[in-house]
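**Student:** A single structure is presented below for examination.
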Amino acid sequence: PHPVVDIGTGRLVAKGAAVNVPVTYTCGPGEIQYGYIYVELSQRTQQGRLAQGYGYTDEIVCDGTPRTVIVAVDAGGYYGGNAAFKSGVALADATLVVRLEGFTTEVERVREEIRLRA
C-alpha cells in the first residue's frame, strides 16, 4: 500500500521554543533500509514576525498499521533567530521518506494548517 501521513495538533514546549507535533503514518510491511519523517512549521505571530522551524525523526516502523510519532520542531532551526511559536494556527509540512530493500524509495507529503496549543 501507498504510504499515508496525517498531522495532529501541536503542543507548545518551553513557551514556544519548540512544538511537539504528532504525525500518524502508515507504510507497507517489508524490509526498509531507512526511513524518516521531516516536519516544517511556519506561523505568523501577533507582532507580525514569522516563527519557523523544523524537526525530524528516524524512528520509523513499516508494518502496514497506522503508527504515531512525536516530532519535536525547534523554533529557529536553520532559519536563525526567529520568533517563538504561539497558540493558534500554523502551516505544517510533513514528509515521510521510506527506502525499501531493492532501492525503491517511497515519499508521501502532506501540507495543511494545524492548531498549536499550550
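Residues in the C-alpha cells are named by chain (A, B, ... in the order shown) and by number from 1 within that chain; ligands are numbered from 1 in the order shown.
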If we count only C-alpha atoms, what is near A:Val21 at a cut-off of 6 Å, once residues fewer than 6 positions away on the same chain are taken out, given as a PDB file with C-alpha atoms, in the first residue's frame?
**Tutor:**
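What ended up in around.pdb:
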ATOM      1  CA  GLY A  10       0.901  20.566  18.018  1.00  0.00           C
ATOM      2  CA  ILE A  70       6.058  12.866  18.043  1.00  0.00           C
ATOM      3  CA  VAL A  71       8.357  15.124  16.028  1.00  0.00           C
TER       4      VAL A  71
END
**Student:** Counting only C-alpha atoms, which residues of stretch 9-64 of chain A fall within 7 Å of stretch 92-105 of chain A, and what is the closest atom pair for each with its distance in Å at one decimal, ordered by chain and rising number, as a Markdown table?
**Tutor:**
| residue | atom | partner | partner_atom | distance |
| --- | --- | --- | --- | --- |
| A:Glu31 | CA | A:Glu101 | CA | 5.7 |
| A:Ile32 | CA | A:Leu100 | CA | 4.3 |
| A:Gln33 | CA | A:Arg99 | CA | 5.5 |
| A:Tyr34 | CA | A:Arg99 | CA | 5.3 |
| A:Gly35 | CA | A:Val98 | CA | 4.2 |
| A:Tyr36 | CA | A:Val97 | CA | 5.5 |
| A:Ile37 | CA | A:Leu96 | CA | 4.5 |
| A:Tyr38 | CA | A:Thr95 | CA | 5.2 |
| A:Val39 | CA | A:Ala94 | CA | 4.4 |
| A:Glu40 | CA | A:Asp93 | CA | 5.1 |
| A:Leu41 | CA | A:Ala92 | CA | 4.7 |
| A:Ser42 | CA | A:Ala92 | CA | 6.7 |
**Student:** Please report the interatomic distance between atom CA of A:Thr57 and atom CA of A:Gln43 in Å with one decimal.
**Tutor:**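 The value is 21.4 Å.
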**Student:** What's around A:Arg49 at 12 Å? Count only C-alpha atoms, leave out sequence neighbours fewer than 2 positions away in its own chain, and write the answer as an NGL selection string.
**Tutor:** :A and (42-47 or 51-52 or 81-86)
**Student:** Might you pull out every residue within 10 Å of A:Pro29, with only C-alpha atoms counted and same-chain residues fewer than 3 positions away left off, and present them as a ChimeraX atom specification?
**Tutor:** /A:1,26,32,61-65,100
**Student:** Please produce a file of those selected residues containing N, CA, C and O atoms, as a compact mmCIF listing (two decimals), in the first residue's frame.
**Tutor:**
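After the write, part01.txt holds the following:
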# COMPACT_ATOMS: atom_id res chain seq x y z
N PRO A 1 0.82 -1.21 0.00
CA PRO A 1 0.00 0.00 0.00
C PRO A 1 0.86 1.26 0.00
O PRO A 1 1.96 1.26 0.52
N THR A 26 1.38 5.52 7.90
CA THR A 26 1.25 4.11 7.59
C THR A 26 2.14 3.83 6.38
O THR A 26 2.09 4.57 5.40
N ILE A 32 12.94 -2.31 5.27
CA ILE A 32 13.32 -0.95 4.88
C ILE A 32 14.79 -0.74 5.20
O ILE A 32 15.30 -1.24 6.21
N VAL A 61 8.64 2.58 11.75
CA VAL A 61 8.35 1.16 11.65
C VAL A 61 7.30 0.99 10.55
O VAL A 61 6.25 1.61 10.61
N CYS A 62 7.61 0.18 9.57
CA CYS A 62 6.67 -0.07 8.48
C CYS A 62 6.14 -1.50 8.59
O CYS A 62 6.87 -2.46 8.30
N ASP A 63 4.89 -1.61 9.04
CA ASP A 63 4.28 -2.93 9.16
C ASP A 63 2.83 -2.93 8.67
O ASP A 63 2.08 -3.85 8.94
N GLY A 64 2.44 -1.87 7.97
CA GLY A 64 1.10 -1.81 7.40
C GLY A 64 0.04 -1.28 8.35
O GLY A 64 -1.10 -1.10 7.96
N THR A 65 0.40 -0.99 9.62
CA THR A 65 -0.57 -0.45 10.57
C THR A 65 -0.27 1.02 10.84
O THR A 65 0.89 1.44 10.78
N LEU A 100 13.09 1.32 0.60
CA LEU A 100 12.86 -0.12 0.71
C LEU A 100 14.05 -0.91 0.19
O LEU A 100 14.85 -0.40 -0.59
**Student:** Ranking A:Pro22, A:Gly48, A:Gly53, A:Pro66 by minimum distance to A:Pro3 and counting only C-alpha atoms, which one comes first?
**Tutor:**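 Checking each candidate against A:Pro3, we get A:Pro66 as the closest.
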**Student:** Looking only at the backbone, which of the residues in chain A does DSSP tag as strand (DSSP E or B), as a PyMOL selection string?
**Tutor:** chain A and resi 4-7+10-13+18-26+32-44+50-57+67-75+88-100+105-117
**Student:** Out of A:Asp58, A:Glu108, A:Asp74, A:Glu113, which residue has the shortest atom-to-atom distance to A:Ala17 when counting only C-alpha atoms?
**Tutor:**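 Of A:Asp58, A:Glu108, A:Asp74, A:Glu113, the one nearest A:Ala17 is A:Asp74, counting only C-alpha atoms.
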